[in-house]
Amino acid sequence: MSDRDLYPPQSAYDTGLKGLCPRCGQGHLFTSFINIAPKCDACGLDFDFADAGDGPAVFVILFAGFIVLGTALYVEIEYEPPMWVHMAIFLPMVLVVVLGLLRPLKGLLVALQYRNKAEQGRLEK
């Protein structure tokens, strides 16, 4: 019996964004906020293949920058508040947006690596 027979394909988007195992969709992908577990606690899939690197951080910077900067520019143009208002609103907003996006995006990238069988690039000899 093959791996595909035991575990039907899961949506990389559903499992990754929820932080679940990309193979079975039941076990947890993370042991803490962004630390990847050594293996799935439900099906035993070894997560050694998972190397998200700086990808999640780059996407979070791009998304958070767009959201926070766009909102800050709108508030500045529309209301012209003093600088302390910007600090009081947008520093917490940066933290909420960044921390809210980091874990789901890391889970998504790991799930996509599993789904697409992504590996390190190697030169043939």
# chains A, B, ... in the order shown; residues from 1 in each chain; ligands from 1
>>> residues_around(residues="Leu17 of chain A", least_positions_apart="5", cutoff="7 Å", atoms="only C-alpha atoms", output="ChimeraX atom specification")
/A:104-105,107-108
>>> residues_around(residues="Asp51 of chain A", least_positions_apart="2", cutoff="9 Å", atoms="only C-alpha atoms", output="list of chain:residue names")
A:Phe47, A:Asp48, A:Phe49, A:Gly53, A:Leu109, A:Val110, A:Gln113
>>> select_by_dssp(residues="segment 46-101 of chain A", states="alpha helix (DSSP H)", output="ChimeraX atom specification")
/A:55-79,83-101
>>> residues_around(residues="Leu102 of chain A", least_positions_apart="6", cutoff="8 Å", atoms="only C-alpha atoms", output="mmCIF file with C-alpha atoms, in the first residue's frame")
data_model
loop_
_atom_site.group_PDB
_atom_site.id
_atom_site.type_symbol
_atom_site.label_atom_id
_atom_site.label_comp_id
_atom_site.auth_asym_id
_atom_site.auth_seq_id
_atom_site.Cartn_x
_atom_site.Cartn_y
_atom_site.Cartn_z
ATOM 1 C CA ILE A 34 7.091 29.069 14.897
ATOM 2 C CA PRO A 56 7.868 33.513 5.492
ATOM 3 C CA ALA A 57 9.645 36.600 6.839
ATOM 4 C CA VAL A 60 5.277 38.968 6.039
#
>>> residues_around(residues="Asp46 of chain A", least_positions_apart="6", cutoff="12 Å", atoms="only C-alpha atoms", output="JSON, numbers by chain")
{"A": [21, 22, 23, 27, 28, 29, 36, 37, 38, 39, 40, 114]}
>>> atom_distance(atom1="atom CA of Ala111 of chain A", atom2="atom CA of Ala12 of chain A")
5.0 Å
>>> residues_around(residues="segment 91-95 of chain A", least_positions_apart="4", cutoff="8 Å", atoms="only C-alpha atoms", output="list of chain:residue names")
A:Ala64, A:Val68, A:His86, A:Met87, A:Leu99
>>> select_by_dssp(residues="chain A", states="strand (DSSP E or B)", output="list of chain:residue names")
A:Leu20, A:His28, A:Phe30, A:Ile36, A:Lys39, A:Asp46
>>> closest_residue(among="A:Met83, A:Leu20, A:Val58, A:Leu6", to="Leu101 of chain A", atoms="only C-alpha atoms")
A:Val58
